[in-house]
Structures are given as structure tokens and as C-alpha cells.
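Notes follow once the structure below has been shown.
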Amino acid sequence: MSTALETPARTVGQDPEPRRRWAAVAALARFEARELRLQLSFLGIALLYVAWIVWRCTRGTDDYPALQDVDRDTQSVPMLVGLSVMLWVNRAVLRSHRHDTERHFGVLVVEPWRRTVGHALSVVPAALFVAVCITVQFTWESLKSGAVGHGSPGELAVGPLTVLLFGELGVLLGRLVRSAFAAPVLLVLLLFTQVLGTSASGGGGWTTWLAPVVTETGSRPLPSDLLGRPAAWHALYLLGLALSVAVLAVLAAGGRSRTVQAILAGALALTLVGAVAQSGGTPAATVAARERDSLTPEKVQSCLEHGTSTYCAFPEWRGRTADWAAVVHRVQGLAGGAAGGERLTVRQRIDARGGLTDSPAFAPSAVPGRVTVGTAWGGNRVPEFAVAVASVLVAGNEKAGSAVCDARMVTIMWLALGAESDPMTLFRHVRLDDSVTGSAIVLAPTDPLAMTAEQTRIVRELLKMPRYAVTARVKAHWSQLTSPKTSTARVAELLGVPAGPVATDPDGDSCGG
């Protein structure tokens, strides 16, 4: 007697109601989505993703986010979630082939192409999960008191659409290649070309925008109207591409009805429209605006007065002028002579002529009393700005301040750091090599300054002394401490710092030592 299972034949003319068919499709989609959520690989990636969001949003250096950068920061990590979804969905599609149960589905009301629709729909909850995570991340950042700028819905949609696209690729691959090794091979290819590779860089021309995620990130944020990224068109392109891949999978499974063909035509049209529209390059108006804002920022900036000084900022940064004023107030509070009440003009500067990824150094201004501030804030940007303010108070302008290579560096560094709660840590961070000994380069918004080893020793000793004592000495001897003729040894004597072993070094007053 044969023990082989026979596939029951379907009764001729049997035609269940379409409602029952689609109810079965929905049930399959719910089942596969639940199975995906229970997979350890997906759960691990999802937990890591949530942990990454919490870490990014709670870092102290991110207390002053630019939202037009935050929306792009939400795009890369969801690709890992998408790869996990692609791998599992592909295994789900191949399950019946792997276990040799494909022939038994012939008795069901759900044809192969309808089962494919169910697998394609099972990806949607994972995309919605990523959408919720991105919404939480962006909302968290936007609620910070130091947040500036505006996010783009098109940029925020890239993460969920990438997960949707990768999941549909897993379904299509399962219908085209009956091998469990095809999806891992594709995963490795996508991992190295899209997640870890260079194809996601924004400098490769129009073909770059064919990738799911296009990263264009510089060290300084730019105003929202200068980005020039076709975010909405790119989101439309990804949506059309994901739909096209899903419908192609349905076609490969035998769903060749006119409705399926019409949906495919519409999806391909969306993909084509998005691809063509996003390939136009940076609009001419945006290029002109970048040139204007880089060379003549005063044409678009508004100025506010805080105390005796004026602060000019781009519209999205108007609320940050109070933070700049607080730093200026602290620095001027330690200065002597007329510098304590000098009227300064703090002007925000950008250089967007090279695009989003280019962050050239600012040339120091020769205008007396003018101080440069960038668009980034928080972390090391704060003491760097304090150095710029102090150099202008001591030398008169940024150009002269950046050229200081004598004992006045001691005065500049004391003014910049003396009023801070943890001056030694900031002293370390504002130096290029993160040291507190020896000679070093000191960072500033424009050209950096230079310190000798002896100047470093004197500043280090000053920061250990009581603030009120040093402040009194600085104000009492201000004219000598800001004179280029005063030697380093004399500055140490005036400030009450004992002579060091290198105080008589002939290079003690020269940055070449």
C-alpha cells in the first residue's frame, strides 16, 4: 500500500467569494508579520536600533541639534533593519518549497500570486515600526531647547521606505530564485554597497540618487533653504520602486490580471517620475542663494542686541543669539580696561558654495570688534567661540588675533576659559591634540592659534588658581598683558605664576618653540 500523499483535486467550477480570498490573504500577512516579530535576528536588530536612538538623543554633545541634519541622520540605520526583514521574508516565501508542501496549497482558496501578496503585505508592519521610531527620534530632538531649523517629511520617509523596499526585494527574490543562499548573497552585496560602501555618498552625480539612502553631511549645518536636496522626489522614487518590486513578485507568481498589470504600470510611472525629477541637480536658485549667504550674509541675517554687543544670525538661528551673548558676557567679565565693555559684533558665517559636504575654513575678519560664529554649537564649539571672542578683545580683530604668537596667548586663553566650571577639561578639548602640556594648536571658528609649551604651563597654573585672584591681577595689569612687547616670563610674574624650568627658553615667546 502506498503511503504517498496525494494532492486533492479542486472541484471544477469551485469559485469561493473574493472576500474569502482576500480575508485569507490578510490572515497570511498577519501571520507572517507576527512570525517576523518573533525572530531573534529581527528582535536583536530592533532592540539595537532603539538603543541607538536613545544613545543619540541623550548625548550631551547633541543638545543643540539642527533639525535639517537630524532628518538625514534617521536614514542609515534603518537599512540594517531592512536587511533583516529581507532575509526573513525571503525565508518565509521559500518555506513551502523548503519543506516540500507547495503542492498542498493547490486545495486552498489562495492562489500562489495571492500568497505572494500576503508576503508582500507582511513587510508593512516592520516599515511602520521604523516610521514610529523615526518619529520618536525626530520629536525628541526637536523638543530640545537648543534645537534649530526645520526637518523635511521627504527625508524622514526614507527610512521606512527603505525597509519596505528591502522587504519586497526578499519576496521577489524568493519567487525568482528557489535557493536559500540567494538572499544572504544579496544581503552581503547591499551591506557593502549601500550601508558600508561609498555609493551612498552625495558626490557621485545623478546616479547616486538611485540608491535608497544618499548621505550628504558636513561638519557645519546649513540653513534649510540652502540644502537643495530633492527629498520629496526621492521619497516618491523609493515608494514607486518598492511597489514595482512587490508587483513584479506577484507577476512572477502567476498574477497576470489586468488589475495587476495596471498597478505595475502605475508603480513604474511613479518610479520614473521620481527618478527623473531627483536627477536635476542643485537648482540654480539654490546655487545663487548659497553664493549670496556665503559672501554677503548681512543681506539675509537679522541682528539683535544683548547688552553692549550686536549678534547677527540667519533666521533659523535667531534664538541662539542668547547663548552666544552668555559666552561673550563671561569672557568680557574677566577682561580689563575698555575691553570689558567693548561693543562687539558677532556675525554668523557659512560657506555653502561647495555644497553640503564641503566645510572650508573661514578667513579671519580684519574688521575691528567683529567675531565669527558658525552654525554648529555645543561641545567644543563653545570654548572655540570663547577663544575667538578673547582674541578680538586682546588683539583688536580676528586677523590680528589669529597671528598672535607671543605672551598674549596666555591672556587670550585665560579670558576664554577662566570663567568656566571645568576649565581644565575645556582647555584639553580646545587644543588640537587634546593635551594640557607642551606646545599645541588652539582651535577657533576661523584660523587656529598656537601656544608654546611655556605658555601652556602658565595657563595650566592659572586655571588651578582661585578665579577672583587671577581676575584682579588681569584687570590691574591689562595694558601689559595685552602688549606684544611683554615677555612670557613677565606675564607669569604679573599673574603670580612661579617661573618654570623653561621660562628662560629663547623660544618661550615664539610659537616655533
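Residue numbering restarts at 1 for every chain of the C-alpha cells, chains are lettered A, B, ... in their displayed order, and ligands are numbered from 1 as they appear.
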Who sits within 6 Å of range 143-151 of chain A, only C-alpha atoms, same chain under 2 positions skipped, as JSON, numbers by chain: {"A": [63, 64, 65, 66, 67, 68, 71, 140, 141, 316]}
For Pro297 in chain A, work out the shell of residues within 9 Å, counting only C-alpha atoms and skipping chain neighbours fewer than 6 positions away, then give it as an mmCIF file with N, CA and C atoms, in the first residue's frame.
data_model
loop_
_atom_site.group_PDB
_atom_site.id
_atom_site.type_symbol
_atom_site.label_atom_id
_atom_site.label_comp_id
_atom_site.auth_asym_id
_atom_site.auth_seq_id
_atom_site.Cartn_x
_atom_site.Cartn_y
_atom_site.Cartn_z
ATOM 1 N N ALA A 313 22.409 86.807 12.983
ATOM 2 C CA ALA A 313 22.247 85.375 12.730
ATOM 3 C C ALA A 313 21.289 85.152 11.575
ATOM 4 N N PHE A 314 21.418 83.985 10.955
ATOM 5 C CA PHE A 314 20.442 83.570 9.959
ATOM 6 C C PHE A 314 19.112 83.318 10.658
ATOM 7 N N ARG A 347 28.929 87.891 14.172
ATOM 8 C CA ARG A 347 28.215 87.585 12.928
ATOM 9 C C ARG A 347 28.371 86.109 12.585
ATOM 10 N N GLN A 348 27.242 85.488 12.310
ATOM 11 C CA GLN A 348 27.251 84.083 11.915
ATOM 12 C C GLN A 348 27.691 83.957 10.455
ATOM 13 N N ARG A 349 28.542 82.972 10.194
ATOM 14 C CA ARG A 349 29.069 82.799 8.842
ATOM 15 C C ARG A 349 28.937 81.344 8.395
ATOM 16 N N ILE A 350 28.723 81.178 7.103
ATOM 17 C CA ILE A 350 28.723 79.860 6.474
ATOM 18 C C ILE A 350 29.495 79.976 5.171
#
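CA of Leu264 in chain A to CA of Ala252 in chain A spans 12.3 Å [interatomic distance, one decimal].
Separating CA of Phe42 in chain A from CA of Ala23 in chain A is a distance of 26.6 Å.
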List every residue of range 240-315 of chain A that has an atom at most 9 Å from any atom of range 224-234 of chain A, and for each one report the closest atom pair and its distance in Å to one decimal, counting only C-alpha atoms, with rows sorted by chain and then by increasing residue number, as a tab-separated table.
residue	atom	partner	partner_atom	distance
A:Val273	CA	A:Trp233	CA	8.0
A:Gly274	CA	A:Trp233	CA	4.8
A:Ala275	CA	A:His234	CA	7.1
A:Val276	CA	A:Trp233	CA	8.7
A:Ala277	CA	A:Trp233	CA	6.2
A:Gln278	CA	A:Pro230	CA	5.3
A:Ser279	CA	A:Pro230	CA	8.3
A:Gly280	CA	A:Pro230	CA	8.6
A:Gly281	CA	A:Gly228	CA	8.3
A:Thr282	CA	A:Gly228	CA	5.5
A:Pro283	CA	A:Gly228	CA	6.6
A:Thr286	CA	A:Leu226	CA	5.8
A:Val287	CA	A:Leu226	CA	7.9
A:Ala289	CA	A:Leu226	CA	6.7
A:Arg290	CA	A:Leu226	CA	6.0
A:Asp293	CA	A:Leu226	CA	8.9
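The list of residues with at least one atom within 8 Å of Pro160 in chain A, based on only C-alpha atoms and without residues fewer than 5 positions apart in the same chain, reads Pro78, Ala127, Leu128, Val130 and Ala131 of chain A.
Using only C-alpha atoms for every distance, the candidate list A:Gly154, A:Val50, A:Arg175, A:Asp69 yields A:Arg175 as the residue closest to Arg95 in chain A.
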Can you pull out the residues contacting Thr471 in chain A? Cut-off 12 Å, using only C-alpha atoms, and skip same-chain residues under 5 positions away; I want them as a count of residues only. 24
